[in-house]
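Colleague: This is run29.cif, which holds mmCIF, C-alpha atoms:
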```cif
data_target
loop_
_atom_site.label_atom_id
_atom_site.label_comp_id
_atom_site.auth_asym_id
_atom_site.auth_seq_id
_atom_site.Cartn_x
_atom_site.Cartn_y
_atom_site.Cartn_z
CA MET A 203 18.34 -19.86 44.64
CA ASN A 204 16.20 -20.48 47.74
CA VAL A 205 14.28 -23.16 45.89
CA THR A 206 16.93 -25.47 47.35
CA ALA A 207 15.10 -25.30 50.66
CA ARG A 208 11.92 -26.30 48.89
CA GLU A 209 13.72 -29.26 47.40
CA ILE A 210 14.97 -30.30 50.83
CA LEU A 211 11.47 -30.08 52.27
CA ASN A 212 10.05 -32.15 49.44
CA ASP A 213 12.64 -34.94 49.54
CA THR A 214 10.18 -37.16 51.40
CA ARG A 215 9.75 -39.70 48.63
CA GLU A 216 10.54 -43.32 49.40
CA ASN A 217 11.08 -42.59 53.13
CA ALA A 218 14.13 -40.44 52.36
CA THR A 219 12.97 -37.56 54.53
CA HIS A 220 15.50 -37.78 57.31
CA GLU A 221 18.52 -37.97 55.03
CA PHE A 222 17.80 -34.61 53.45
CA MET A 223 15.87 -32.87 56.20
CA GLN A 224 18.53 -33.18 58.90
CA MET A 225 20.28 -29.86 58.48
CA GLU A 226 23.35 -30.91 60.43
CA LEU A 227 24.16 -33.12 57.44
CA PHE A 228 24.91 -29.99 55.42
CA ALA A 229 28.19 -29.53 57.26
CA SER A 230 29.22 -33.15 56.69
CA ARG A 231 28.37 -33.36 52.98
CA PRO A 232 31.50 -33.27 50.81
CA GLU A 233 30.04 -30.73 48.39
CA THR A 234 29.21 -28.13 51.05
CA HIS A 235 32.64 -26.50 51.26
CA ALA A 236 33.19 -26.89 47.51
CA ILE A 237 29.96 -25.02 46.78
CA ILE A 238 30.97 -22.16 49.08
CA VAL A 239 34.35 -21.84 47.33
CA ILE A 240 32.82 -22.04 43.84
CA ILE A 241 30.13 -19.50 44.65
CA SER A 242 32.72 -17.14 46.12
CA ILE A 243 34.82 -17.32 42.94
CA ILE A 244 31.76 -16.80 40.74
CA PHE A 245 30.75 -13.82 42.87
CA LEU A 246 34.12 -12.07 42.61
CA VAL A 247 34.59 -12.73 38.89
CA GLY A 248 31.00 -11.81 38.07
CA ILE A 249 30.99 -8.57 40.06
CA PHE A 250 34.25 -7.40 38.48
CA GLY A 251 33.19 -8.38 34.96
CA ASN A 252 29.73 -6.83 35.03
CA ILE A 253 30.90 -3.61 36.69
CA ALA A 254 33.65 -3.36 34.07
CA LEU A 255 31.08 -3.87 31.31
CA LEU A 256 28.80 -1.18 32.75
CA SER A 257 31.75 1.19 33.10
CA TYR A 258 32.78 0.55 29.51
CA VAL A 259 29.37 1.44 28.14
CA LEU A 260 28.36 4.25 30.52
CA CYS A 261 31.68 6.01 31.17
CA ARG A 262 32.63 6.01 27.51
CA ASN A 263 29.21 7.35 26.48
CA ARG A 264 28.56 4.33 24.29
CA MET A 265 24.78 4.20 24.78
CA THR A 266 24.55 4.82 21.05
CA SER A 267 23.00 1.59 19.80
CA PRO A 268 20.30 -0.93 20.76
CA HIS A 269 23.06 -3.51 21.23
CA ASN A 270 24.67 -1.46 24.02
CA ILE A 271 21.32 -0.68 25.65
CA TYR A 272 20.48 -4.38 25.86
CA SER A 273 24.02 -5.15 27.06
CA VAL A 274 23.69 -2.68 29.95
CA ASN A 275 20.38 -4.21 30.99
CA LEU A 276 21.94 -7.67 30.75
CA ALA A 277 24.75 -6.60 33.08
CA VAL A 278 22.27 -5.09 35.56
CA GLY A 279 20.30 -8.34 35.59
CA ASP A 280 23.48 -10.33 36.21
CA LEU A 281 24.46 -8.01 39.07
CA LEU A 282 21.07 -8.53 40.70
CA THR A 283 21.64 -12.27 40.50
CA LEU A 284 25.12 -12.02 41.98
CA LEU A 285 24.33 -9.51 44.72
CA ILE A 286 21.01 -10.93 45.94
CA ALA A 287 20.31 -14.49 44.78
CA MET A 288 23.77 -15.92 45.40
CA PRO A 289 24.26 -14.62 48.97
CA PHE A 290 20.87 -16.00 50.01
CA LEU A 291 21.69 -19.37 48.49
CA SER A 292 25.08 -19.55 50.17
CA SER A 293 23.44 -18.74 53.51
CA ILE A 294 21.71 -22.13 53.39
CA TYR A 295 25.06 -23.89 53.29
CA VAL A 296 26.88 -21.54 55.68
CA LEU A 297 24.20 -20.93 58.33
CA ASN A 298 22.28 -24.23 57.97
CA SER A 299 19.01 -22.30 58.28
CA TRP A 300 17.12 -19.28 56.97
CA PRO A 301 17.70 -16.45 59.50
CA PHE A 302 16.30 -13.49 57.54
CA GLY A 303 12.55 -13.79 58.11
CA GLU A 304 9.60 -14.11 55.75
CA ILE A 305 9.77 -10.61 54.22
CA LEU A 306 13.29 -11.13 52.91
CA CYS A 307 12.28 -14.63 51.87
CA LYS A 308 9.60 -13.16 49.60
CA LEU A 309 11.88 -10.40 48.31
CA SER A 310 14.75 -12.78 47.57
CA GLU A 311 12.52 -15.10 45.54
CA PHE A 312 11.03 -12.14 43.68
CA VAL A 313 14.41 -10.60 42.82
CA ASN A 314 15.83 -13.98 41.87
CA THR A 315 13.10 -14.66 39.31
CA LEU A 316 13.24 -11.04 38.15
CA SER A 317 16.99 -11.09 37.52
CA VAL A 318 16.95 -14.46 35.78
CA SER A 319 14.07 -13.38 33.53
CA VAL A 320 15.77 -10.08 32.65
CA THR A 321 18.97 -11.90 31.70
CA VAL A 322 17.13 -14.34 29.44
CA PHE A 323 14.95 -11.66 27.87
CA MET A 324 17.93 -9.40 27.11
CA ILE A 325 19.87 -12.24 25.47
CA THR A 326 16.80 -12.90 23.33
CA ALA A 327 16.52 -9.20 22.47
CA LEU A 328 20.20 -9.13 21.49
CA SER A 329 19.65 -12.09 19.16
CA VAL A 330 16.67 -10.43 17.49
CA GLU A 331 18.64 -7.18 17.19
CA ARG A 332 21.52 -9.04 15.49
CA TYR A 333 19.03 -10.57 13.06
CA ARG A 334 17.60 -7.16 12.23
CA LEU A 335 21.06 -5.67 11.80
CA LEU A 336 22.30 -8.37 9.44
CA THR A 337 19.20 -9.05 7.39
CA LEU A 338 16.75 -6.14 7.39
CA HIS A 339 16.75 -2.64 5.92
CA PRO A 340 16.67 -0.35 7.82
CA PRO A 341 18.91 -2.66 9.84
CA SER A 342 18.26 -1.72 13.46
CA LEU A 343 15.94 0.00 15.90
CA ASN A 344 16.51 3.54 17.10
CA LEU A 345 17.54 4.21 20.69
CA THR A 346 14.06 5.22 21.82
CA SER A 347 12.53 1.99 20.54
CA ALA A 348 15.27 -0.08 22.17
CA SER A 349 14.73 1.71 25.49
CA VAL A 350 10.98 1.10 25.31
CA ILE A 351 11.55 -2.57 24.53
CA SER A 352 13.93 -2.85 27.48
CA PHE A 353 11.31 -1.32 29.78
CA ILE A 354 8.67 -3.74 28.49
CA LEU A 355 11.01 -6.68 29.09
CA TRP A 356 11.72 -5.53 32.65
CA LEU A 357 7.98 -5.16 33.24
CA SER A 358 7.35 -8.65 31.84
CA ALA A 359 10.07 -10.07 34.10
CA ALA A 360 8.48 -8.36 37.11
CA MET A 361 5.06 -9.81 36.26
CA LEU A 362 6.61 -13.26 36.00
CA ALA A 363 8.22 -12.77 39.43
CA ILE A 364 5.15 -11.41 41.26
CA PRO A 365 3.71 -14.90 41.99
CA ASP A 366 6.93 -15.73 43.86
CA LEU A 367 6.56 -12.56 45.90
CA VAL A 368 3.10 -13.73 46.97
CA SER A 369 3.69 -17.47 47.36
CA ALA A 370 7.12 -17.59 49.03
CA GLU A 371 7.02 -18.31 52.74
CA GLU A 372 9.21 -19.20 55.68
CA VAL A 373 8.54 -22.59 57.26
CA SER A 374 10.08 -24.51 60.13
CA TYR A 375 11.02 -28.14 60.50
CA GLU A 376 12.52 -29.42 63.75
CA ARG A 377 13.39 -25.83 64.80
CA VAL A 378 15.17 -25.17 61.49
CA HIS A 379 13.81 -22.42 59.22
CA PHE A 380 13.46 -22.67 55.44
CA CYS A 381 12.52 -20.24 52.69
CA ILE A 382 10.41 -21.97 50.05
CA PRO A 383 9.04 -20.38 46.84
CA TYR A 384 5.64 -22.11 46.76
CA ARG A 385 3.26 -22.25 49.70
CA GLN A 386 2.59 -25.79 50.86
CA ASP A 387 -1.11 -25.17 51.48
CA TRP A 388 -1.57 -24.14 47.82
CA GLY A 389 -0.86 -27.70 46.73
CA GLU A 390 1.44 -29.29 44.16
CA THR A 391 -0.63 -28.09 41.21
CA PHE A 392 0.39 -24.49 41.77
CA ALA A 393 4.07 -25.41 42.13
CA LYS A 394 3.99 -27.53 38.97
CA THR A 395 2.22 -24.77 37.06
CA MET A 396 4.83 -22.19 38.05
CA VAL A 397 7.68 -24.54 37.12
CA VAL A 398 6.17 -25.08 33.66
CA ILE A 399 5.56 -21.34 33.18
CA LYS A 400 9.15 -20.49 34.11
CA PHE A 401 10.52 -23.25 31.91
CA THR A 402 8.43 -22.00 29.00
CA CYS A 403 9.07 -18.26 29.43
CA ASN A 404 12.68 -18.39 30.62
CA PHE A 405 14.03 -21.26 28.54
CA ALA A 406 11.94 -22.95 25.86
CA VAL A 407 10.43 -19.92 24.08
CA PRO A 408 13.60 -17.77 24.22
CA LEU A 409 15.65 -20.71 22.94
CA LEU A 410 13.19 -21.20 20.06
CA ILE A 411 13.34 -17.50 19.12
CA VAL A 412 17.14 -17.46 19.28
CA THR A 413 17.42 -20.64 17.20
CA VAL A 414 15.18 -19.20 14.47
CA CYS A 415 17.11 -15.92 14.47
CA TYR A 416 20.47 -17.61 14.06
CA PHE A 417 19.20 -19.98 11.42
CA LEU A 418 18.06 -16.96 9.41
CA ILE A 419 21.31 -15.11 10.14
CA GLY A 420 23.37 -18.07 8.92
CA TYR A 421 21.29 -18.42 5.78
CA ASN A 422 21.58 -14.69 5.11
CA LEU A 423 25.37 -14.66 5.59
CA ILE A 424 25.82 -17.59 3.21
CA SER A 425 23.64 -15.92 0.58
CA TYR A 426 25.35 -12.57 1.09
CA ARG A 427 28.82 -14.09 0.74
CA ALA A 428 27.92 -15.68 -2.58
CA GLN A 429 26.37 -12.46 -3.85
CA PHE A 430 29.30 -10.36 -2.61
CA HIS A 431 31.94 -12.48 -4.33
CA SER A 432 29.98 -12.49 -7.59
CA CYS A 433 29.83 -8.68 -7.60
CA LEU A 434 33.28 -8.03 -6.15
CA HIS A 435 34.98 -7.41 -9.50
CA ASP A 436 32.44 -4.68 -10.34
CA ASP A 437 33.26 -2.61 -7.22
CA ASP A 438 36.20 -0.30 -6.68
CA GLN A 439 38.83 -1.33 -4.13
CA GLY A 440 37.84 1.23 -1.49
CA THR A 441 34.19 0.22 -1.54
CA SER A 442 35.11 -3.48 -1.33
CA GLU A 443 37.40 -2.98 1.65
CA GLU A 444 34.79 -0.89 3.45
CA GLU A 445 32.12 -3.52 2.86
CA ILE A 446 34.45 -6.28 4.02
CA ARG A 447 35.25 -4.34 7.21
CA ARG A 448 31.59 -3.65 7.94
CA ASN A 449 30.57 -7.25 7.31
CA SER A 450 33.41 -8.52 9.52
CA LYS A 451 32.27 -6.30 12.40
CA ARG A 452 28.69 -7.51 12.06
CA LYS A 453 29.78 -11.13 12.12
CA ARG A 454 31.86 -10.51 15.26
CA MET A 455 28.84 -9.02 17.01
CA ALA A 456 26.72 -11.96 15.85
CA ALA A 457 29.37 -14.33 17.24
CA LEU A 458 29.29 -12.42 20.55
CA VAL A 459 25.55 -12.88 20.95
CA LEU A 460 25.81 -16.51 19.83
CA GLY A 461 28.38 -17.03 22.58
CA LEU A 462 25.93 -15.59 25.13
CA VAL A 463 23.25 -17.96 23.84
CA MET A 464 25.46 -21.05 24.02
CA ILE A 465 26.54 -20.20 27.57
CA PHE A 466 22.90 -19.65 28.51
CA LEU A 467 21.95 -23.06 27.10
CA PHE A 468 24.85 -24.86 28.77
CA THR A 469 24.43 -23.23 32.18
CA TRP A 470 20.64 -23.39 32.51
CA LEU A 471 19.72 -26.71 30.88
CA PRO A 472 20.79 -28.90 33.87
CA ARG A 473 18.77 -26.77 36.28
CA HIS A 474 15.58 -26.93 34.21
CA VAL A 475 16.01 -30.68 33.66
CA TYR A 476 16.31 -31.19 37.40
CA LEU A 477 13.28 -29.04 38.27
CA MET A 478 11.08 -30.75 35.68
CA TRP A 479 12.12 -34.15 37.02
CA PHE A 480 11.69 -33.13 40.66
CA TYR A 481 8.14 -31.85 40.30
CA PHE A 482 6.80 -34.32 37.72
CA ASP A 483 8.64 -37.63 38.23
CA PRO A 484 7.76 -39.65 41.37
CA SER A 485 10.99 -41.68 41.24
CA PRO A 486 13.18 -41.48 44.37
CA TYR A 487 15.80 -38.83 44.94
CA ASP A 488 19.20 -40.51 44.58
CA VAL A 489 22.86 -39.58 44.28
CA THR A 490 22.62 -38.97 40.52
CA TRP A 491 19.90 -36.38 40.86
CA HIS A 492 21.68 -34.85 43.84
CA VAL A 493 24.77 -34.31 41.67
CA ILE A 494 22.62 -32.83 38.88
CA LYS A 495 20.99 -30.50 41.41
CA ILE A 496 24.31 -29.23 42.78
CA ALA A 497 25.80 -28.88 39.29
CA GLY A 498 22.71 -27.01 38.10
CA ILE A 499 22.90 -24.55 41.00
CA CYS A 500 26.56 -23.76 40.34
CA LEU A 501 26.13 -23.53 36.56
CA MET A 502 23.13 -21.21 36.67
CA PHE A 503 25.15 -18.69 38.68
CA CYS A 504 28.14 -19.18 36.39
CA ASN A 505 25.99 -17.65 33.66
CA ALA A 506 26.06 -14.26 35.37
CA ALA A 507 29.87 -14.37 35.62
CA LEU A 508 30.56 -15.73 32.13
CA ASN A 509 28.51 -13.19 30.17
CA PRO A 510 31.11 -10.38 30.56
CA LEU A 511 33.85 -12.82 29.50
CA VAL A 512 32.04 -13.31 26.19
CA PHE A 513 32.15 -9.55 25.62
CA PHE A 514 35.86 -9.60 26.46
CA CYS A 515 36.51 -12.35 23.89
CA PHE A 516 34.53 -10.86 21.00
CA ASP A 517 34.53 -7.09 21.61
CA SER A 518 37.96 -5.61 20.91
CA ARG A 519 36.93 -2.18 22.24
CA PHE A 520 35.97 -3.71 25.58
CA ARG A 521 39.37 -5.41 25.75
CA ASP A 522 41.09 -2.12 24.92
CA PHE A 523 39.06 -0.40 27.66
CA LEU A 524 40.18 -2.92 30.29
CA CYS A 525 43.79 -2.68 29.11
CA CYS A 526 43.66 1.12 29.34
CA CYS A 527 42.25 0.88 32.87
CA ARG A 528 45.04 -1.48 33.85
CA ARG A 529 47.70 0.82 32.39
CA SER A 530 46.14 3.80 34.18
CA ILE A 531 46.30 1.98 37.51
CA TRP A 532 49.93 1.10 36.91
CA ASP A 533 50.75 4.70 35.99
CA VAL A 534 49.15 5.96 39.21
CA GLU A 535 51.07 3.40 41.27
CA GLU A 536 54.36 4.35 39.61
CA TYR A 537 53.64 8.05 40.17
CA THR A 538 52.84 7.56 43.86
CA GLU A 539 56.10 5.66 44.33
CA ILE A 540 58.14 8.72 43.18
CA PRO A 541 59.24 10.88 46.17
CA HIS A 542 57.48 14.21 46.33
CA HIS A 543 60.75 16.20 46.30
CA SER A 544 61.75 14.43 43.07
CA VAL A 545 58.50 15.56 41.42
CA VAL A 546 59.13 19.14 42.57
CA LEU A 547 62.71 19.14 41.27
CA THR A 548 61.58 17.73 37.94
CA GLU A 549 58.98 20.48 37.55
CA LEU A 550 61.57 23.19 38.45
CA ASN A 551 63.98 21.85 35.85
CA GLN A 552 61.20 21.90 33.26
CA TRP A 553 60.44 25.53 34.06
CA GLN A 554 64.12 26.47 33.77
CA ASP A 555 64.54 24.64 30.48
CA GLY A 556 61.38 26.15 29.09
CA THR A 557 59.93 22.72 28.38
CA LYS A 558 56.92 23.19 30.66
CA VAL A 559 54.35 25.80 29.74
#
```
Let me see the structure of the file written as structure tokens.
Modeller:
Amino acid sequence: MNVTAREILNDTRENATHEFMQMELFASRPETHAIIVIISIIFLVGIFGNIALLSYVLCRNRMTSPHNIYSVNLAVGDLLTLLIAMPFLSSIYVLNSWPFGEILCKLSEFVNTLSVSVTVFMITALSVERYRLLTLHPPSLNLTSASVISFILWLSAAMLAIPDLVSAEEVSYERVHFCIPYRQDWGETFAKTMVVIKFTCNFAVPLLIVTVCYFLIGYNLISYRAQFHSCLHDDDQGTSEEEIRRNSKRKRMAALVLGLVMIFLFTWLPRHVYLMWFYFDPSPYDVTWHVIKIAGICLMFCNAALNPLVFFCFDSRFRDFLCCCRRSIWDVEEYTEIPHHSVVLTELNQWQDGTKV
């Protein structure tokens, strides 16, 4: 996230400017190389996982439920984060300056906020959809409604990102260029307002909605279990087994979304804590907050790579899809290793034996 440059420019409290403004210090800081390695691993794992998730849903024609529609949009948002936000962030540590100009500065900040907002909004939509599925009748939205909701969420994310498109700018300090998200001549009030808006829209409100949904889901499951066991002896065996299977599948999907929520909370809380402190607390920038900043940057990008792993852990069909892809690759490799004349002889023998038609 290019907000790091903004943080460097604003580390002027308590005469600490030179320590964090001297860009040659980037190369000598112990975390610089570690961040590059961590970001590279996150990038590779995240790209593979999200492309695999998209392939699973799209290639298998599984756009048959609101859950899958939201999952596809979640993967697209994660890919935007991995392909655009992460490379621009790593450029600060690799190149020690912003070499891309002001237009890309504005676009990178816009896409970064857009992708983060889409990810958060889709996780929230998945939680609400799980609540509807487990507690309401009719249980879920139709595909058209889910598609419309996804479009509205993308539009809302774009509106939240437009201020960054306008306010981001490239600045220079001692012949070093920075990309900052909030114009300096607009004052601290604008920056603080945007930080509060993003914290509210991309963390506090979604977390509140998700918490309420899962409280109601838990209460409903407990009530349903008691009611189900009390009526179990009145049902025939086939009906009971079918109901048990259906309820088990619903709980697995609820656990999947809950896993996404817990990862979201764990990976984004440090970043929001740091930003709220940085813009609202006048205390000096010290080693503790520097560690929190670096950890928050790495964790927020981990979110985009960990989301597909949650699907892998809780969705057996997604696991089967990846296993089938792996077996297919192995089969192709084994086939290509067979000499061509052996393949021809095998086919001739099959024709002679009448086993190939």
Colleague: Skipping near chain neighbours, those fewer than 3 positions away, what residues fall within 9 Å of region 306-323 of chain A using all atoms listed in the file, listed as a VMD selection string?
Modeller: chain A and resid 203 to 205 275 to 283 286 to 288 290 300 302 to 303 326 to 328 352 355 to 356 358 to 372 380 to 383 400 403 to 405 408 466 506
Colleague: So how far away is CA of Ile271 (chain A) from CA of Ser349 (chain A), in Å?
Modeller: 7.0 Å
Colleague: Residue by residue, what does the PyMOL selection byres ((chain A and resi 332) around 9) grab here? Present the result as a PyMOL selection string.
Modeller: chain A and resi 269+327-331+333-337+341-342+415-416+419+452+455-456+459
Colleague: Could you tell me which residues the PyMOL selection byres ((chain A and resi 507-523) around 8) returns for this structure, as an MDAnalysis selection string?
Modeller: chainID A and resid 244:245 247:249 251:252 255 258 277 280 454:455 457:458 461:462 465 503:506 524:527
Colleague: Please report the interatomic distance between CA of Leu284 (chain A) and CA of Ile243 (chain A) in Å with one decimal.
Modeller: 11.1 Å
Colleague: In terms of the shortest atom-to-atom distance over only C-alpha atoms, which of A:Val463, A:Ile411, A:Tyr295, A:Asn270 is closest to Val239 (chain A)?
Modeller: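 Closest to Val239 (chain A) of all the choices is A:Tyr295.
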Colleague: Taking into account all atoms listed in the file, which residue in the set A:Ile496, A:Met464, A:Glu390, A:Ser450 is nearest to Tyr481 (chain A)?
Modeller: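 Residue with the minimum atom-to-atom distance to Tyr481 (chain A): A:Glu390.
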Colleague: Find the nearest atom pair between each residue of region 330-401 of chain A and region 472-479 of chain A for residues within 9 Å, count only C-alpha atoms, give distances in Å to one decimal, sort rows by chain and ascending number, and present the table as a Markdown table.
Modeller:
```
| residue | atom | partner | partner_atom | distance |
| --- | --- | --- | --- | --- |
| A:Lys394 | CA | A:Met478 | CA | 8.5 |
| A:Val397 | CA | A:Met478 | CA | 7.2 |
| A:Val398 | CA | A:Met478 | CA | 7.8 |
| A:Phe401 | CA | A:His474 | CA | 6.7 |
```
Colleague: Write a file of the selected residues as a JSON list (two decimals), in the coordinates of the input, keeping C-alpha atoms.
Modeller:
```json
[["chain", "number", "residue", "atom", "x", "y", "z"],
["A", 394, "LYS", "CA", 3.99, -27.53, 38.97],
["A", 397, "VAL", "CA", 7.68, -24.54, 37.12],
["A", 398, "VAL", "CA", 6.17, -25.08, 33.66],
["A", 401, "PHE", "CA", 10.52, -23.25, 31.91]]
```
